[in-house]
Amino acid sequence: METRIINGTLISNQIKDELKVKVKQLQDSGIMPGLAVVLVGDNSASKVYVGNKKKVCEYVGIKSFSYELPEQTSEAHLLELIDVLNQDTEIHGILIQLPLPHHMDEQKVIAAIDPCKDVDGFHTANAGALLVGAPGFVSCTPAGIMELLKRYQVDLVGKKCVVVGRSNIVGKPISLLLLREHATVTMCHSKTKNLQEEVKQADVLVVAVGVAKMITGNMLKEGVVVIDVGMNRDENGNLCGDVDFVSCEGIASLITPVPRGVGPMTIAMLMHNCVQAAAMRKEK
Ligand code: NDP
């Protein structure tokens, strides 16, 4: 079977260009979309992510407001800053780069963000909205996966989708989104018995585990669509996914590579959520 490679870079660029047009329209009506990006501490990976987000903001036309706080910042101080950002009418989205330093309670910090500015979709109000099918912000990686499936015209109705991983930011929300599109969804995790049997059933397989190359071609059903969310380093220090890409070629019908698969979609959907937040403000 011919395996087509899903080009996340291409689709994310299309989305960014579509958003550029929307931002221009908002600006013409007097709304300048603004995103506050808050980084606490010196985590080098986080610094790279934040830098990329600011760059993409600039490309799309979103004004980014940067807050870089030292590692020893108190939780109370961060909560005060969030309160100020919640009130600031120039800011439509608030992004707190995770992970936070250990002395901070991430759930408490996320809960302090105005749900209307929670462009990461991590607030329980937005997570709950997704659960009951109400409008709200969907977290960016799952939203990006759905956009890839849509733009590659993957029909989900009645399909057997298997999600490996049940985190709040990927596994759980992607399961709900697939369910919303009428798929039959199985959620797997570290306690799943016979993971191999579950994976073999999948018409669409989403893997978000964080273990390099744990899913191999021999575990798959012929023709499966494989979405690999993982971002790991292999034995040579190269970026790789949770799926062993090479062994899946010739078996999967569609597959996301790592890098240039799901990764670029996450930032594109963050921009999408920020534009949505600004547009919602316009409607108020
Ligand atoms: P978490 O560590 O929060 O969750 C991992 C999940 O995998 C858990 O539910 C865990 O089960 C499950 N798991 C762990 N080991 C196994 C196993 N052997 N068999 C089956 N399930 C297992 O990870 P995230 O969801 O945050 O991230 C997953 C991966 O995706 C990481 O590599 C991360 O870097 C990447 N990622 C990439 C993004 C992108 O933009 N491309 C964005 C977010 C994440 P249990 O609940 O039982 O412990």
# chains A, B, ... in the order shown; residues from 1 in each chain; ligands from 1

$ residues_around --residues "Leu131 (chain A)" --least-positions-apart "3" --cutoff "7 Å" --atoms "only C-alpha atoms" --output "list in words"
Ala127, Gly128 and Leu176 of chain A

$ write_last_selection --atoms "N, CA and C atoms" --output "PDB file, in the first residue's frame"
ATOM      1  N   ALA A 127     -12.459  23.026  29.062  1.00  0.00           N
ATOM      2  CA  ALA A 127     -12.427  21.553  28.999  1.00  0.00           C
ATOM      3  C   ALA A 127     -13.845  21.007  29.166  1.00  0.00           C
ATOM      4  N   GLY A 128     -14.603  21.618  30.080  1.00  0.00           N
ATOM      5  CA  GLY A 128     -15.995  21.197  30.310  1.00  0.00           C
ATOM      6  C   GLY A 128     -16.873  21.488  29.103  1.00  0.00           C
ATOM      7  N   LEU A 176     -12.479  13.191  22.767  1.00  0.00           N
ATOM      8  CA  LEU A 176     -13.794  13.851  22.727  1.00  0.00           C
ATOM      9  C   LEU A 176     -14.072  14.455  21.345  1.00  0.00           C
TER      10      LEU A 176
END

$ residues_around --residues "Ile5 (chain A)" --least-positions-apart "3" --cutoff "12 Å" --atoms "only C-alpha atoms" --output "list of chain:residue names"
A:Glu2, A:Gly8, A:Thr9, A:Leu10, A:Leu148, A:Tyr152, A:Val225, A:Val226, A:Ile227, A:Asp228, A:Phe245, A:Val246, A:Cys248, A:Glu249, A:Gly250, A:Ala252, A:Ser253, A:Leu254, A:Ile255, A:Thr256, A:Pro257, A:Val258, A:Pro259, A:Arg260, A:Gly261, A:Val262

$ residues_near_ligand --ligand "ligand 1" --cutoff "9 Å" --atoms "only C-alpha atoms and all ligand atoms" --output "ChimeraX atom specification"
/A:140-142,144,164-172,188-192,195,207-212,214,228-232,240-242,258-259,261-267

$ residues_around --residues "Pro101 (chain A)" --least-positions-apart "3" --cutoff "7 Å" --atoms "only C-alpha atoms" --output "list in words"
Gly41, Glu71 and Met104 of chain A

$ write_last_selection --atoms "all heavy atoms" --output "PDB file, in the first residue's frame"
ATOM      1  N   GLY A  41      10.850  31.442  34.584  1.00  0.00           N
ATOM      2  CA  GLY A  41      12.041  30.602  34.736  1.00  0.00           C
ATOM      3  C   GLY A  41      12.866  30.481  33.468  1.00  0.00           C
ATOM      4  O   GLY A  41      12.602  31.166  32.476  1.00  0.00           O
ATOM      5  N   GLU A  71      12.732  32.600  37.785  1.00  0.00           N
ATOM      6  CA  GLU A  71      12.372  31.286  38.352  1.00  0.00           C
ATOM      7  C   GLU A  71      11.752  31.419  39.762  1.00  0.00           C
ATOM      8  O   GLU A  71      10.798  30.727  40.096  1.00  0.00           O
ATOM      9  CB  GLU A  71      13.669  30.449  38.402  1.00  0.00           C
ATOM     10  CG  GLU A  71      13.534  29.072  38.958  1.00  0.00           C
ATOM     11  CD  GLU A  71      13.106  28.041  37.919  1.00  0.00           C
ATOM     12  OE1 GLU A  71      13.234  28.306  36.709  1.00  0.00           O
ATOM     13  OE2 GLU A  71      12.628  26.977  38.342  1.00  0.00           O
ATOM     14  N   MET A 104       4.941  26.215  42.080  1.00  0.00           N
ATOM     15  CA  MET A 104       3.644  26.767  41.667  1.00  0.00           C
ATOM     16  C   MET A 104       2.656  25.640  41.368  1.00  0.00           C
ATOM     17  O   MET A 104       3.037  24.589  40.859  1.00  0.00           O
ATOM     18  CB  MET A 104       3.816  27.620  40.415  1.00  0.00           C
ATOM     19  CG  MET A 104       4.601  28.881  40.670  1.00  0.00           C
ATOM     20  SD  MET A 104       4.514  29.928  39.240  1.00  0.00           S
ATOM     21  CE  MET A 104       5.583  31.266  39.762  1.00  0.00           C
TER      22      MET A 104
END

$ closest_residue --among "A:Asp88, A:Asp42, A:Glu197, A:Asp105" --to "Phe65 (chain A)" --atoms "only C-alpha atoms"
A:Asp88

$ select_by_dssp --residues "region 173-231 of chain A" --states "strand (DSSP E)" --output "PyMOL selection string"
chain A and resi 184-188+204-207+225-228

$ atom_distance --atom1 "CA of Ala277 (chain A)" --atom2 "CA of Asp118 (chain A)"
8.6 Å

$ residues_around --residues "Ala278 (chain A)" --least-positions-apart "6" --cutoff "8 Å" --atoms "only C-alpha atoms" --output "list in words"
Leu26, Ile31, Met32, Pro33, Gly34, His92 and Gly93 of chain A

$ write_last_selection --atoms "all heavy atoms" --output "PDB file, in the first residue's frame"
ATOM      1  N   LEU A  26     -10.106  42.202  11.182  1.00  0.00           N
ATOM      2  CA  LEU A  26     -10.341  42.663  12.553  1.00  0.00           C
ATOM      3  C   LEU A  26      -9.700  44.031  12.760  1.00  0.00           C
ATOM      4  O   LEU A  26     -10.295  44.935  13.352  1.00  0.00           O
ATOM      5  CB  LEU A  26      -9.772  41.662  13.563  1.00  0.00           C
ATOM      6  CG  LEU A  26     -10.590  40.395  13.810  1.00  0.00           C
ATOM      7  CD1 LEU A  26      -9.787  39.379  14.614  1.00  0.00           C
ATOM      8  CD2 LEU A  26     -11.889  40.717  14.544  1.00  0.00           C
ATOM      9  N   ILE A  31     -10.085  46.342  15.829  1.00  0.00           N
ATOM     10  CA  ILE A  31      -9.626  45.377  16.849  1.00  0.00           C
ATOM     11  C   ILE A  31      -8.218  44.919  16.493  1.00  0.00           C
ATOM     12  O   ILE A  31      -7.984  44.393  15.412  1.00  0.00           O
ATOM     13  CB  ILE A  31     -10.533  44.126  16.878  1.00  0.00           C
ATOM     14  CG1 ILE A  31     -11.991  44.503  17.062  1.00  0.00           C
ATOM     15  CG2 ILE A  31     -10.044  43.110  17.910  1.00  0.00           C
ATOM     16  CD1 ILE A  31     -12.551  44.356  18.428  1.00  0.00           C
ATOM     17  N   MET A  32      -7.275  45.122  17.385  1.00  0.00           N
ATOM     18  CA  MET A  32      -5.889  44.659  17.180  1.00  0.00           C
ATOM     19  C   MET A  32      -5.687  43.422  18.060  1.00  0.00           C
ATOM     20  O   MET A  32      -5.478  43.565  19.278  1.00  0.00           O
ATOM     21  CB  MET A  32      -4.873  45.730  17.623  1.00  0.00           C
ATOM     22  CG  MET A  32      -5.089  47.090  17.014  1.00  0.00           C
ATOM     23  SD  MET A  32      -4.694  47.018  15.260  1.00  0.00           S
ATOM     24  CE  MET A  32      -5.371  48.579  14.715  1.00  0.00           C
ATOM     25  N   PRO A  33      -5.777  42.220  17.498  1.00  0.00           N
ATOM     26  CA  PRO A  33      -5.644  41.028  18.346  1.00  0.00           C
ATOM     27  C   PRO A  33      -4.317  41.030  19.112  1.00  0.00           C
ATOM     28  O   PRO A  33      -3.261  41.316  18.536  1.00  0.00           O
ATOM     29  CB  PRO A  33      -5.689  39.863  17.352  1.00  0.00           C
ATOM     30  CG  PRO A  33      -6.378  40.408  16.154  1.00  0.00           C
ATOM     31  CD  PRO A  33      -5.998  41.856  16.079  1.00  0.00           C
ATOM     32  N   GLY A  34      -4.385  40.733  20.399  1.00  0.00           N
ATOM     33  CA  GLY A  34      -3.184  40.756  21.241  1.00  0.00           C
ATOM     34  C   GLY A  34      -3.074  39.492  22.080  1.00  0.00           C
ATOM     35  O   GLY A  34      -4.069  39.008  22.614  1.00  0.00           O
ATOM     36  N   HIS A  92      -6.226  39.773  24.201  1.00  0.00           N
ATOM     37  CA  HIS A  92      -7.364  38.872  23.951  1.00  0.00           C
ATOM     38  C   HIS A  92      -7.057  37.434  24.367  1.00  0.00           C
ATOM     39  O   HIS A  92      -7.975  36.680  24.638  1.00  0.00           O
ATOM     40  CB  HIS A  92      -7.735  38.921  22.467  1.00  0.00           C
ATOM     41  CG  HIS A  92      -8.069  40.302  22.013  1.00  0.00           C
ATOM     42  ND1 HIS A  92      -7.133  41.135  21.447  1.00  0.00           N
ATOM     43  CD2 HIS A  92      -9.203  41.017  22.096  1.00  0.00           C
ATOM     44  CE1 HIS A  92      -7.700  42.308  21.193  1.00  0.00           C
ATOM     45  NE2 HIS A  92      -8.945  42.257  21.577  1.00  0.00           N
ATOM     46  N   GLY A  93      -5.779  37.089  24.375  1.00  0.00           N
ATOM     47  CA  GLY A  93      -5.398  35.733  24.758  1.00  0.00           C
ATOM     48  C   GLY A  93      -4.260  35.772  25.765  1.00  0.00           C
ATOM     49  O   GLY A  93      -3.393  36.647  25.700  1.00  0.00           O
TER      50      GLY A  93
END

$ residues_around --residues "Lys117 (chain A)" --least-positions-apart "5" --cutoff "12 Å" --atoms "only C-alpha atoms" --output "PyMOL selection string"
chain A and resi 33-37+82-83+85-96+110-112+122-123+125-126+136-137+270+273-281

$ atom_distance --atom1 "CA of Met187 (chain A)" --atom2 "CA of Val162 (chain A)"
6.1 Å

$ select_by_dssp --residues "region 225-258 of chain A" --states "helix (DSSP H, G or I)" --output "mmCIF file with C-alpha atoms, in the first residue's frame"
data_model
loop_
_atom_site.group_PDB
_atom_site.id
_atom_site.type_symbol
_atom_site.label_atom_id
_atom_site.label_comp_id
_atom_site.auth_asym_id
_atom_site.auth_seq_id
_atom_site.Cartn_x
_atom_site.Cartn_y
_atom_site.Cartn_z
ATOM 1 C CA PHE A 245 7.814 5.858 11.090
ATOM 2 C CA VAL A 246 9.974 3.643 8.845
ATOM 3 C CA SER A 247 8.271 0.371 9.809
ATOM 4 C CA CYS A 248 4.813 1.918 9.185
#

$ residues_around --residues "Ala202 (chain A)" --least-positions-apart "4" --cutoff "8 Å" --atoms "only C-alpha atoms" --output "list in words"
Lys160, Cys161, Val162, Glu198, Leu220, Lys221 and Val224 of chain A

$ decode --residues "region 196-237 of chain A" --atoms "N, CA and C atoms" --output "PDB file, in the first residue's frame"
ATOM      1  N   GLN A 196      -1.506  -3.975  22.069  1.00  0.00           N
ATOM      2  CA  GLN A 196      -1.299  -4.395  20.681  1.00  0.00           C
ATOM      3  C   GLN A 196      -2.627  -4.763  20.002  1.00  0.00           C
ATOM      4  N   GLU A 197      -3.477  -5.492  20.731  1.00  0.00           N
ATOM      5  CA  GLU A 197      -4.789  -5.891  20.182  1.00  0.00           C
ATOM      6  C   GLU A 197      -5.660  -4.681  19.901  1.00  0.00           C
ATOM      7  N   GLU A 198      -5.638  -3.711  20.810  1.00  0.00           N
ATOM      8  CA  GLU A 198      -6.442  -2.497  20.639  1.00  0.00           C
ATOM      9  C   GLU A 198      -5.949  -1.714  19.423  1.00  0.00           C
ATOM     10  N   VAL A 199      -4.632  -1.561  19.335  1.00  0.00           N
ATOM     11  CA  VAL A 199      -4.036  -0.772  18.255  1.00  0.00           C
ATOM     12  C   VAL A 199      -4.346  -1.403  16.894  1.00  0.00           C
ATOM     13  N   LYS A 200      -4.350  -2.710  16.857  1.00  0.00           N
ATOM     14  CA  LYS A 200      -4.579  -3.454  15.606  1.00  0.00           C
ATOM     15  C   LYS A 200      -5.973  -3.188  15.019  1.00  0.00           C
ATOM     16  N   GLN A 201      -6.918  -2.798  15.887  1.00  0.00           N
ATOM     17  CA  GLN A 201      -8.301  -2.555  15.445  1.00  0.00           C
ATOM     18  C   GLN A 201      -8.456  -1.199  14.760  1.00  0.00           C
ATOM     19  N   ALA A 202      -7.477  -0.301  14.946  1.00  0.00           N
ATOM     20  CA  ALA A 202      -7.688   1.119  14.617  1.00  0.00           C
ATOM     21  C   ALA A 202      -7.774   1.389  13.117  1.00  0.00           C
ATOM     22  N   ASP A 203      -8.811   2.171  12.735  1.00  0.00           N
ATOM     23  CA  ASP A 203      -8.838   2.790  11.400  1.00  0.00           C
ATOM     24  C   ASP A 203      -8.042   4.094  11.468  1.00  0.00           C
ATOM     25  N   VAL A 204      -8.142   4.742  12.628  1.00  0.00           N
ATOM     26  CA  VAL A 204      -7.352   5.962  12.882  1.00  0.00           C
ATOM     27  C   VAL A 204      -6.682   5.771  14.236  1.00  0.00           C
ATOM     28  N   LEU A 205      -5.377   5.970  14.272  1.00  0.00           N
ATOM     29  CA  LEU A 205      -4.616   5.772  15.511  1.00  0.00           C
ATOM     30  C   LEU A 205      -3.936   7.089  15.887  1.00  0.00           C
ATOM     31  N   VAL A 206      -4.209   7.559  17.105  1.00  0.00           N
ATOM     32  CA  VAL A 206      -3.534   8.765  17.601  1.00  0.00           C
ATOM     33  C   VAL A 206      -2.652   8.340  18.765  1.00  0.00           C
ATOM     34  N   VAL A 207      -1.376   8.651  18.690  1.00  0.00           N
ATOM     35  CA  VAL A 207      -0.454   8.220  19.742  1.00  0.00           C
ATOM     36  C   VAL A 207       0.159   9.445  20.421  1.00  0.00           C
ATOM     37  N   ALA A 208      -0.101   9.594  21.715  1.00  0.00           N
ATOM     38  CA  ALA A 208       0.446  10.707  22.505  1.00  0.00           C
ATOM     39  C   ALA A 208       0.911  10.142  23.838  1.00  0.00           C
ATOM     40  N   VAL A 209       2.078   9.558  23.826  1.00  0.00           N
ATOM     41  CA  VAL A 209       2.568   8.818  24.989  1.00  0.00           C
ATOM     42  C   VAL A 209       3.873   9.423  25.533  1.00  0.00           C
ATOM     43  N   GLY A 210       4.806   9.692  24.626  1.00  0.00           N
ATOM     44  CA  GLY A 210       6.101  10.199  25.080  1.00  0.00           C
ATOM     45  C   GLY A 210       7.134   9.096  25.219  1.00  0.00           C
ATOM     46  N   VAL A 211       6.957   8.000  24.482  1.00  0.00           N
ATOM     47  CA  VAL A 211       7.956   6.918  24.458  1.00  0.00           C
ATOM     48  C   VAL A 211       8.406   6.738  23.005  1.00  0.00           C
ATOM     49  N   ALA A 212       9.680   6.968  22.760  1.00  0.00           N
ATOM     50  CA  ALA A 212      10.189   6.966  21.382  1.00  0.00           C
ATOM     51  C   ALA A 212       9.886   5.651  20.660  1.00  0.00           C
ATOM     52  N   LYS A 213       9.268   5.770  19.496  1.00  0.00           N
ATOM     53  CA  LYS A 213       9.055   4.658  18.544  1.00  0.00           C
ATOM     54  C   LYS A 213       8.365   3.437  19.170  1.00  0.00           C
ATOM     55  N   MET A 214       7.472   3.638  20.139  1.00  0.00           N
ATOM     56  CA  MET A 214       6.860   2.461  20.798  1.00  0.00           C
ATOM     57  C   MET A 214       5.840   1.737  19.918  1.00  0.00           C
ATOM     58  N   ILE A 215       5.247   2.448  18.944  1.00  0.00           N
ATOM     59  CA  ILE A 215       4.303   1.794  18.032  1.00  0.00           C
ATOM     60  C   ILE A 215       5.048   1.447  16.744  1.00  0.00           C
ATOM     61  N   THR A 216       5.010   0.165  16.395  1.00  0.00           N
ATOM     62  CA  THR A 216       5.744  -0.272  15.201  1.00  0.00           C
ATOM     63  C   THR A 216       4.759  -0.799  14.149  1.00  0.00           C
ATOM     64  N   GLY A 217       5.228  -0.838  12.905  1.00  0.00           N
ATOM     65  CA  GLY A 217       4.385  -1.205  11.768  1.00  0.00           C
ATOM     66  C   GLY A 217       3.643  -2.521  11.953  1.00  0.00           C
ATOM     67  N   ASN A 218       4.292  -3.515  12.584  1.00  0.00           N
ATOM     68  CA  ASN A 218       3.655  -4.831  12.735  1.00  0.00           C
ATOM     69  C   ASN A 218       2.454  -4.798  13.675  1.00  0.00           C
ATOM     70  N   MET A 219       2.263  -3.679  14.423  1.00  0.00           N
ATOM     71  CA  MET A 219       1.119  -3.562  15.337  1.00  0.00           C
ATOM     72  C   MET A 219      -0.124  -3.018  14.614  1.00  0.00           C
ATOM     73  N   LEU A 220       0.051  -2.573  13.360  1.00  0.00           N
ATOM     74  CA  LEU A 220      -1.015  -1.807  12.690  1.00  0.00           C
ATOM     75  C   LEU A 220      -1.861  -2.645  11.746  1.00  0.00           C
ATOM     76  N   LYS A 221      -3.098  -2.167  11.546  1.00  0.00           N
ATOM     77  CA  LYS A 221      -3.964  -2.733  10.500  1.00  0.00           C
ATOM     78  C   LYS A 221      -3.624  -2.034   9.191  1.00  0.00           C
ATOM     79  N   GLU A 222      -3.615  -2.770   8.125  1.00  0.00           N
ATOM     80  CA  GLU A 222      -3.325  -2.200   6.796  1.00  0.00           C
ATOM     81  C   GLU A 222      -4.305  -1.046   6.500  1.00  0.00           C
ATOM     82  N   GLY A 223      -3.785   0.082   6.077  1.00  0.00           N
ATOM     83  CA  GLY A 223      -4.632   1.210   5.671  1.00  0.00           C
ATOM     84  C   GLY A 223      -4.948   2.205   6.776  1.00  0.00           C
ATOM     85  N   VAL A 224      -4.447   1.953   7.990  1.00  0.00           N
ATOM     86  CA  VAL A 224      -4.723   2.843   9.123  1.00  0.00           C
ATOM     87  C   VAL A 224      -4.151   4.245   8.870  1.00  0.00           C
ATOM     88  N   VAL A 225      -4.836   5.247   9.440  1.00  0.00           N
ATOM     89  CA  VAL A 225      -4.317   6.624   9.437  1.00  0.00           C
ATOM     90  C   VAL A 225      -3.606   6.817  10.770  1.00  0.00           C
ATOM     91  N   VAL A 226      -2.337   7.197  10.733  1.00  0.00           N
ATOM     92  CA  VAL A 226      -1.541   7.284  11.973  1.00  0.00           C
ATOM     93  C   VAL A 226      -1.180   8.745  12.271  1.00  0.00           C
ATOM     94  N   ILE A 227      -1.578   9.179  13.456  1.00  0.00           N
ATOM     95  CA  ILE A 227      -1.229  10.532  13.917  1.00  0.00           C
ATOM     96  C   ILE A 227      -0.279  10.387  15.096  1.00  0.00           C
ATOM     97  N   ASP A 228       0.928  10.851  14.914  1.00  0.00           N
ATOM     98  CA  ASP A 228       1.975  10.701  15.927  1.00  0.00           C
ATOM     99  C   ASP A 228       2.226  12.045  16.609  1.00  0.00           C
ATOM    100  N   VAL A 229       1.834  12.137  17.868  1.00  0.00           N
ATOM    101  CA  VAL A 229       1.966  13.404  18.602  1.00  0.00           C
ATOM    102  C   VAL A 229       3.320  13.493  19.312  1.00  0.00           C
ATOM    103  N   GLY A 230       3.930  12.355  19.542  1.00  0.00           N
ATOM    104  CA  GLY A 230       5.143  12.296  20.362  1.00  0.00           C
ATOM    105  C   GLY A 230       6.270  13.190  19.870  1.00  0.00           C
ATOM    106  N   MET A 231       7.014  13.707  20.820  1.00  0.00           N
ATOM    107  CA  MET A 231       8.227  14.484  20.494  1.00  0.00           C
ATOM    108  C   MET A 231       9.305  13.987  21.428  1.00  0.00           C
ATOM    109  N   ASN A 232      10.130  13.116  20.906  1.00  0.00           N
ATOM    110  CA  ASN A 232      11.173  12.485  21.741  1.00  0.00           C
ATOM    111  C   ASN A 232      12.510  12.590  21.023  1.00  0.00           C
ATOM    112  N   ARG A 233      13.553  12.203  21.737  1.00  0.00           N
ATOM    113  CA  ARG A 233      14.889  12.092  21.129  1.00  0.00           C
ATOM    114  C   ARG A 233      15.212  10.607  20.976  1.00  0.00           C
ATOM    115  N   ASP A 234      15.728  10.208  19.820  1.00  0.00           N
ATOM    116  CA  ASP A 234      16.107   8.803  19.657  1.00  0.00           C
ATOM    117  C   ASP A 234      17.518   8.566  20.187  1.00  0.00           C
ATOM    118  N   GLU A 235      18.034   7.363  19.969  1.00  0.00           N
ATOM    119  CA  GLU A 235      19.329   6.985  20.536  1.00  0.00           C
ATOM    120  C   GLU A 235      20.465   7.858  20.000  1.00  0.00           C
ATOM    121  N   ASN A 236      20.232   8.493  18.836  1.00  0.00           N
ATOM    122  CA  ASN A 236      21.267   9.384  18.272  1.00  0.00           C
ATOM    123  C   ASN A 236      21.005  10.859  18.585  1.00  0.00           C
ATOM    124  N   GLY A 237      20.003  11.100  19.407  1.00  0.00           N
ATOM    125  CA  GLY A 237      19.697  12.483  19.783  1.00  0.00           C
ATOM    126  C   GLY A 237      18.829  13.209  18.760  1.00  0.00           C
TER     127      GLY A 237
END
